[in-house]
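**Student:** Got a file for you: my_file_33.pdb, PDB, C-alpha atoms.
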```
ATOM      1  CA  MET K   1     126.855-127.478 -88.013
ATOM      2  CA  THR K   2     126.003-130.970 -86.784
ATOM      3  CA  VAL K   3     126.011-131.349 -83.007
ATOM      4  CA  GLU K   4     127.524-134.639 -81.810
ATOM      5  CA  ASN K   5     126.926-136.529 -78.589
ATOM      6  CA  LYS K   6     130.504-137.509 -77.774
ATOM      7  CA  LEU K   7     132.704-137.725 -74.672
ATOM      8  CA  VAL K   8     136.396-136.866 -74.996
ATOM      9  CA  LEU K   9     139.176-137.023 -72.395
ATOM     10  CA  VAL K  10     142.297-134.870 -72.780
ATOM     11  CA  LEU K  11     145.182-135.844 -70.473
ATOM     12  CA  GLY K  12     148.593-134.328 -69.970
ATOM     13  CA  GLY K  13     151.076-133.019 -67.458
ATOM     14  CA  ALA K  14     151.405-129.470 -66.170
ATOM     15  CA  ARG K  15     151.851-126.941 -68.985
ATOM     16  CA  SER K  16     151.663-129.685 -71.608
ATOM     17  CA  GLY K  17     149.195-127.751 -73.771
ATOM     18  CA  LYS K  18     146.207-129.912 -72.831
ATOM     19  CA  SER K  19     143.827-127.024 -72.097
ATOM     20  CA  GLU K  20     144.731-125.190 -75.304
ATOM     21  CA  PHE K  21     144.183-128.372 -77.319
ATOM     22  CA  ALA K  22     140.864-129.023 -75.551
ATOM     23  CA  GLU K  23     139.688-125.461 -76.235
ATOM     24  CA  LYS K  24     140.501-125.820 -79.949
ATOM     25  CA  TYR K  25     138.745-129.193 -80.060
ATOM     26  CA  VAL K  26     135.580-127.706 -78.526
ATOM     27  CA  LEU K  27     135.693-124.696 -80.876
ATOM     28  CA  HIS K  28     135.801-127.094 -83.838
ATOM     29  CA  ALA K  29     132.791-128.972 -82.442
ATOM     30  CA  GLY K  30     130.511-125.951 -82.039
ATOM     31  CA  SER K  31     130.080-122.254 -82.676
ATOM     32  CA  LEU K  32     128.777-121.482 -79.174
ATOM     33  CA  CYS K  33     130.778-123.276 -76.513
ATOM     34  CA  GLY K  34     130.227-123.966 -72.840
ATOM     35  CA  TYR K  35     133.058-123.814 -70.327
ATOM     36  CA  ILE K  36     132.431-125.653 -67.059
ATOM     37  CA  ALA K  37     134.906-124.092 -64.632
ATOM     38  CA  THR K  38     135.759-126.152 -61.567
ATOM     39  CA  ALA K  39     138.334-123.931 -59.853
ATOM     40  CA  GLU K  40     137.638-121.674 -56.929
ATOM     41  CA  ILE K  41     139.795-118.594 -56.442
ATOM     42  CA  LEU K  42     141.381-119.323 -53.079
ATOM     43  CA  ASP K  43     144.704-117.515 -53.567
ATOM     44  CA  GLU K  44     146.549-115.146 -55.883
ATOM     45  CA  GLU K  45     148.263-117.918 -57.857
ATOM     46  CA  MET K  46     144.910-119.537 -58.723
ATOM     47  CA  ALA K  47     143.528-116.127 -59.710
ATOM     48  CA  GLU K  48     146.418-115.756 -62.190
ATOM     49  CA  ARG K  49     145.821-119.231 -63.638
ATOM     50  CA  ILE K  50     142.138-118.447 -64.144
ATOM     51  CA  LYS K  51     142.972-115.118 -65.831
ATOM     52  CA  LEU K  52     145.318-116.935 -68.239
ATOM     53  CA  HIS K  53     142.575-119.378 -69.237
ATOM     54  CA  GLN K  54     139.965-116.612 -69.555
ATOM     55  CA  SER K  55     142.247-114.521 -71.767
ATOM     56  CA  ARG K  56     142.284-117.309 -74.382
ATOM     57  CA  ARG K  57     138.506-117.502 -74.631
ATOM     58  CA  GLY K  58     136.422-115.143 -76.752
ATOM     59  CA  GLN K  59     132.774-114.192 -77.014
ATOM     60  CA  GLN K  60     131.728-117.636 -78.231
ATOM     61  CA  TRP K  61     132.189-119.070 -74.708
ATOM     62  CA  ILE K  62     129.585-119.217 -71.927
ATOM     63  CA  THR K  63     131.052-120.020 -68.505
ATOM     64  CA  PHE K  64     129.285-122.239 -65.979
ATOM     65  CA  GLU K  65     130.862-122.174 -62.495
ATOM     66  CA  ALA K  66     130.721-125.664 -60.970
ATOM     67  CA  PRO K  67     133.328-126.449 -58.318
ATOM     68  CA  TYR K  68     130.855-128.935 -56.767
ATOM     69  CA  GLU K  69     127.982-131.042 -58.161
ATOM     70  CA  ALA K  70     128.897-130.188 -61.742
ATOM     71  CA  GLU K  71     126.428-132.757 -63.076
ATOM     72  CA  LYS K  72     123.693-130.198 -62.298
ATOM     73  CA  VAL K  73     124.960-127.677 -64.892
ATOM     74  CA  PHE K  74     124.972-130.074 -67.854
ATOM     75  CA  PRO K  75     121.271-129.724 -68.737
ATOM     76  CA  GLU K  76     121.539-125.926 -69.053
ATOM     77  CA  ALA K  77     124.944-126.080 -70.749
ATOM     78  CA  GLY K  78     123.570-128.603 -73.246
ATOM     79  CA  GLU K  79     120.574-126.395 -74.034
ATOM     80  CA  ARG K  80     122.593-123.193 -74.430
ATOM     81  CA  THR K  81     125.715-124.416 -76.258
ATOM     82  CA  ASP K  82     126.866-126.677 -79.092
ATOM     83  CA  ALA K  83     129.872-128.221 -77.300
ATOM     84  CA  ILE K  84     131.228-128.165 -73.739
ATOM     85  CA  LEU K  85     134.666-128.033 -72.131
ATOM     86  CA  PHE K  86     135.041-129.330 -68.553
ATOM     87  CA  ASP K  87     138.245-127.857 -67.115
ATOM     88  CA  ASP K  88     139.330-129.700 -65.138
ATOM     89  CA  ILE K  89     138.806-133.101 -63.545
ATOM     90  CA  THR K  90     141.803-132.917 -61.198
ATOM     91  CA  ILE K  91     140.666-129.666 -59.576
ATOM     92  CA  TYR K  92     137.114-130.991 -59.400
ATOM     93  CA  LEU K  93     138.435-134.160 -57.750
ATOM     94  CA  SER K  94     140.408-132.078 -55.241
ATOM     95  CA  ASN K  95     137.235-130.126 -54.400
ATOM     96  CA  MET K  96     135.350-133.390 -54.037
ATOM     97  CA  LEU K  97     137.952-135.081 -51.812
ATOM     98  CA  TYR K  98     138.990-132.165 -49.623
ATOM     99  CA  GLY K  99     136.255-129.516 -49.912
ATOM    100  CA  LYS K 100     132.764-129.333 -48.504
ATOM    101  CA  ASN K 101     130.900-132.657 -48.222
ATOM    102  CA  ALA K 102     134.171-134.596 -48.592
ATOM    103  CA  PRO K 103     133.771-138.359 -48.133
ATOM    104  CA  LYS K 104     135.207-139.931 -45.008
ATOM    105  CA  GLY K 105     136.911-143.256 -44.461
ATOM    106  CA  THR K 106     139.722-145.217 -46.032
ATOM    107  CA  THR K 107     141.119-144.487 -49.473
ATOM    108  CA  ALA K 108     139.056-147.385 -50.850
ATOM    109  CA  GLU K 109     135.876-146.038 -49.236
ATOM    110  CA  LYS K 110     136.533-142.517 -50.548
ATOM    111  CA  ALA K 111     137.306-143.934 -53.996
ATOM    112  CA  ALA K 112     133.959-145.745 -54.056
ATOM    113  CA  VAL K 113     132.119-142.499 -53.285
ATOM    114  CA  VAL K 114     134.138-140.631 -55.903
ATOM    115  CA  ARG K 115     133.435-143.297 -58.546
ATOM    116  CA  GLY K 116     129.713-142.909 -57.916
ATOM    117  CA  ARG K 117     129.895-139.124 -58.185
ATOM    118  CA  MET K 118     132.006-139.371 -61.341
ATOM    119  CA  GLN K 119     129.506-141.777 -62.859
ATOM    120  CA  ALA K 120     126.755-139.224 -62.191
ATOM    121  CA  LEU K 121     128.935-136.609 -63.925
ATOM    122  CA  LEU K 122     129.535-138.871 -66.935
ATOM    123  CA  ASP K 123     125.833-139.764 -67.154
ATOM    124  CA  ALA K 124     124.875-136.070 -67.118
ATOM    125  CA  ALA K 125     127.501-135.276 -69.751
ATOM    126  CA  ARG K 126     126.243-138.037 -72.033
ATOM    127  CA  ALA K 127     122.587-137.067 -71.452
ATOM    128  CA  CYS K 128     123.137-133.423 -72.479
ATOM    129  CA  GLY K 129     123.533-134.557 -76.083
ATOM    130  CA  ARG K 130     126.649-132.504 -76.856
ATOM    131  CA  THR K 131     130.328-133.110 -77.352
ATOM    132  CA  VAL K 132     131.859-132.815 -73.887
ATOM    133  CA  VAL K 133     135.628-132.564 -73.515
ATOM    134  CA  PHE K 134     137.070-133.349 -70.074
ATOM    135  CA  VAL K 135     140.572-132.086 -69.244
ATOM    136  CA  SER K 136     142.596-133.934 -66.605
ATOM    137  CA  ASN K 137     146.163-134.029 -65.338
ATOM    138  CA  GLU K 138     148.203-137.180 -65.598
ATOM    139  CA  VAL K 139     149.558-137.232 -62.050
ATOM    140  CA  GLY K 140     150.876-140.785 -61.873
ATOM    141  CA  SER K 141     154.017-140.463 -63.988
ATOM    142  CA  GLY K 142     156.234-138.959 -61.312
ATOM    143  CA  ILE K 143     157.752-140.279 -58.128
ATOM    144  CA  VAL K 144     155.630-141.806 -55.379
ATOM    145  CA  PRO K 145     154.612-138.935 -53.070
ATOM    146  CA  ASP K 146     156.088-138.953 -49.575
ATOM    147  CA  ASN K 147     152.806-138.392 -47.701
ATOM    148  CA  ALA K 148     149.564-140.314 -47.395
ATOM    149  CA  MET K 149     147.248-137.531 -48.576
ATOM    150  CA  ALA K 150     149.223-136.982 -51.799
ATOM    151  CA  ARG K 151     149.380-140.733 -52.461
ATOM    152  CA  GLU K 152     145.619-141.025 -51.893
ATOM    153  CA  TYR K 153     144.955-138.142 -54.301
ATOM    154  CA  ARG K 154     147.312-139.598 -56.916
ATOM    155  CA  ASP K 155     145.707-143.040 -56.678
ATOM    156  CA  ILE K 156     142.115-141.813 -56.838
ATOM    157  CA  SER K 157     142.993-139.425 -59.672
ATOM    158  CA  GLY K 158     144.436-142.327 -61.667
ATOM    159  CA  TRP K 159     141.318-144.424 -61.072
ATOM    160  CA  VAL K 160     139.091-141.508 -62.114
ATOM    161  CA  ASN K 161     141.096-140.977 -65.304
ATOM    162  CA  GLN K 162     140.656-144.685 -66.094
ATOM    163  CA  GLN K 163     136.901-144.442 -65.453
ATOM    164  CA  ILE K 164     136.518-141.440 -67.755
ATOM    165  CA  GLY K 165     138.866-142.939 -70.339
ATOM    166  CA  GLU K 166     136.752-146.095 -70.488
ATOM    167  CA  ALA K 167     133.555-144.073 -70.979
ATOM    168  CA  ALA K 168     135.090-141.654 -73.503
ATOM    169  CA  ASP K 169     134.771-142.015 -77.246
ATOM    170  CA  GLN K 170     138.225-140.477 -77.680
ATOM    171  CA  VAL K 171     141.194-140.058 -75.315
ATOM    172  CA  PHE K 172     144.058-137.731 -76.179
ATOM    173  CA  TYR K 173     147.410-137.468 -74.413
ATOM    174  CA  VAL K 174     149.137-134.099 -74.843
ATOM    175  CA  VAL K 175     152.917-133.696 -74.579
ATOM    176  CA  ALA K 176     154.794-130.538 -75.617
ATOM    177  CA  GLY K 177     151.601-129.204 -77.220
ATOM    178  CA  GLN K 178     151.176-132.314 -79.383
ATOM    179  CA  ALA K 179     148.033-134.425 -78.979
ATOM    180  CA  VAL K 180     147.975-138.153 -79.657
ATOM    181  CA  ASP K 181     144.695-140.095 -79.887
ATOM    182  CA  ILE K 182     145.645-142.881 -77.500
ATOM    183  CA  LYS K 183     142.262-144.593 -77.423
ATOM    184  CA  ARG K 184     142.522-145.208 -81.154
ATOM    185  CA  LEU K 185     145.984-146.700 -80.678
ATOM    186  CA  ALA K 186     145.147-148.685 -77.517
ATOM    187  CA  PHE K 187     145.466-152.459 -77.444
ATOM    188  CA  ARG K 188     142.145-154.261 -76.985
ATOM    189  CA  PHE K 189     141.730-157.769 -75.583
ATOM    190  CA  GLU K 190     139.516-159.850 -77.850
TER     191      GLU K 190
END
```
Translate the structure of the given file into structure tokens.
**Tutor:**
Amino acid sequence: MTVENKLVLVLGGARSGKSEFAEKYVLHAGSLCGYIATAEILDEEMAERIKLHQSRRGQQWITFEAPYEAEKVFPEAGERTDAILFDDITIYLSNMLYGKNAPKGTTAEKAAVVRGRMQALLDAARACGRTVVFVSNEVGSGIVPDNAMAREYRDISGWVNQQIGEAADQVFYVVAGQAVDIKRLAFRFE
């Protein structure tokens, strides 16, 4: 099996099938797969979500827990696996914005810090020399949230998805379990 150095972004709404598609993509890219898990079990509902994801994965997966500073796990994940799944950006972003060491300031100031941290994540993913598939929620397709914190999260999440999408070799949008390669179809200014 040939190991590729490729970045992939998989976007979709809640229960769109994005994680299942991303898992299949990673399994096709390698026989031993890394799973970078960003969620922390903070309540019963999150514990159930994590169990659901774990139940789909078999022995060919090695899990790397990384709710913070995930760029630090890429060297080991790249050495130990053929392909890597990062699940997911939106939870990682939530940890970054509202967890320990959260940036302070205006939305623009927080966004600048987040962009820098995301660039470090993308650089580490590219440097590991493996196919890395990032999963993220598309949170900007609904109504404008009624509170400042939710609007800030939605805005920064959209900017992060754009940043990863620009860096990615492929971008898929998943709806009703169907994945479309939107980067291939995207209009490009000449």
**Student:** Using 6 Å of padding on each side, determine the axis-aligned box around all atoms of region 140-150 of chain K present in the file and give its centre and edge lengths in Å to one decimal, as AutoDock Vina command-line options.
**Tutor:**
```
--center_x 152.5 --center_y -139.4 --center_z -55.7 --size_x 22.5 --size_y 16.8 --size_z 28.6
```
**Student:** Under the PyMOL selection byres ((chain K and resi 136) around 6), which residues of this model are included? Write them out as an mmCIF file with C-alpha atoms, in the coordinates of the input.
**Tutor:**
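Result file part_39.cif:
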```
data_model
loop_
_atom_site.group_PDB
_atom_site.id
_atom_site.type_symbol
_atom_site.label_atom_id
_atom_site.label_comp_id
_atom_site.auth_asym_id
_atom_site.auth_seq_id
_atom_site.Cartn_x
_atom_site.Cartn_y
_atom_site.Cartn_z
ATOM 1 C CA LEU K 11 145.182 -135.844 -70.473
ATOM 2 C CA ASP K 88 139.330 -129.700 -65.138
ATOM 3 C CA ILE K 89 138.806 -133.101 -63.545
ATOM 4 C CA THR K 90 141.803 -132.917 -61.198
ATOM 5 C CA VAL K 135 140.572 -132.086 -69.244
ATOM 6 C CA ASN K 137 146.163 -134.029 -65.338
#
```
**Student:** Expand the PyMOL selection byres ((chain K and resi 152) around 12) into the individual residues it matches in the shown file, reporting them as a ChimeraX atom specification.
**Tutor:** /K:93-94,97-98,105-111,139-140,144-151,153-159
**Student:** I would like the residues chosen by the PyMOL selection byres ((chain K and resi 19) around 9) on the shown file; could you give them as a PyMOL selection string?
**Tutor:** chain K and resi 10+12+15-18+20-24+53+87-88+135-136
**Student:** For Gln59 (chain K), which of K:Met96, K:Leu185, K:Leu27, K:Val174 is the closest residue, counting all atoms listed in the file?
**Tutor:**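 Looking at the shortest contact to Gln59 (chain K), the residue is K:Leu27.
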**Student:** Could you check how far CA of Val73 (chain K) sits from CA of Gly34 (chain K), in Å to one decimal?
**Tutor:**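 Distance between the two atoms: 10.2 Å.
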**Student:** Can you measure CA of Arg188 (chain K) to CA of Tyr25 (chain K) for me? One decimal in Å is fine.
**Tutor:**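 Interatomic distance here is 25.5 Å.
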**Student:** Between CA of Leu42 (chain K) and CA of Ser55 (chain K), what is the distance in Å, rounded to a tenth?
**Tutor:**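 CA of Ser55 (chain K) lies 19.3 Å from CA of Leu42 (chain K).
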**Student:** Excluding same-chain residues fewer than 6 positions from Lys72 (chain K), what lies within 10 Å of it counting all atoms listed in the file, as a ChimeraX atom specification?
**Tutor:** /K:66,120-121,124-125
**Student:** Find the residues around Gln60 (chain K) up to 8 Å (all atoms listed in the file counted), leave out those fewer than 5 positions away in its own chain, and share them as a PyMOL selection string.
**Tutor:** chain K and resi 31-33
**Student:** Using all atoms listed in the file, can you tell me which of K:Arg184, K:Gln54, K:Ile91, K:Val8 comes closest to Asp169 (chain K)?
**Tutor:**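 Closest residue, counting all atoms listed in the file: K:Val8.
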**Student:** Smallest atom-to-atom distance to Gly58 (chain K): which of K:Leu122, K:Tyr35, K:Val171, K:Glu40, using only C-alpha atoms?
**Tutor:**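 Looking at the shortest contact to Gly58 (chain K), the residue is K:Tyr35.
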**Student:** Compare K:Met118, K:Ile182, K:Glu190, K:Val132 by their minimum atom-to-atom distance to Asn161 (chain K), counting all atoms listed in the file, and give me the closest one.
**Tutor:**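 Among K:Met118, K:Ile182, K:Glu190, K:Val132, it is K:Met118 that comes nearest to Asn161 (chain K).
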**Student:** Hey, which of K:Ala167, K:Ile62, K:Ala37, K:Ala179 ends up closest to Arg80 (chain K)? Count only C-alpha atoms.
**Tutor:** K:Ile62
**Student:** From the options K:Ala112, K:Val133, K:Leu9, K:Ala127, which residue's atoms come nearest to Ile36 (chain K), counting all atoms listed in the file?
**Tutor:**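 For Ile36 (chain K), the nearest of the given residues is K:Val133.
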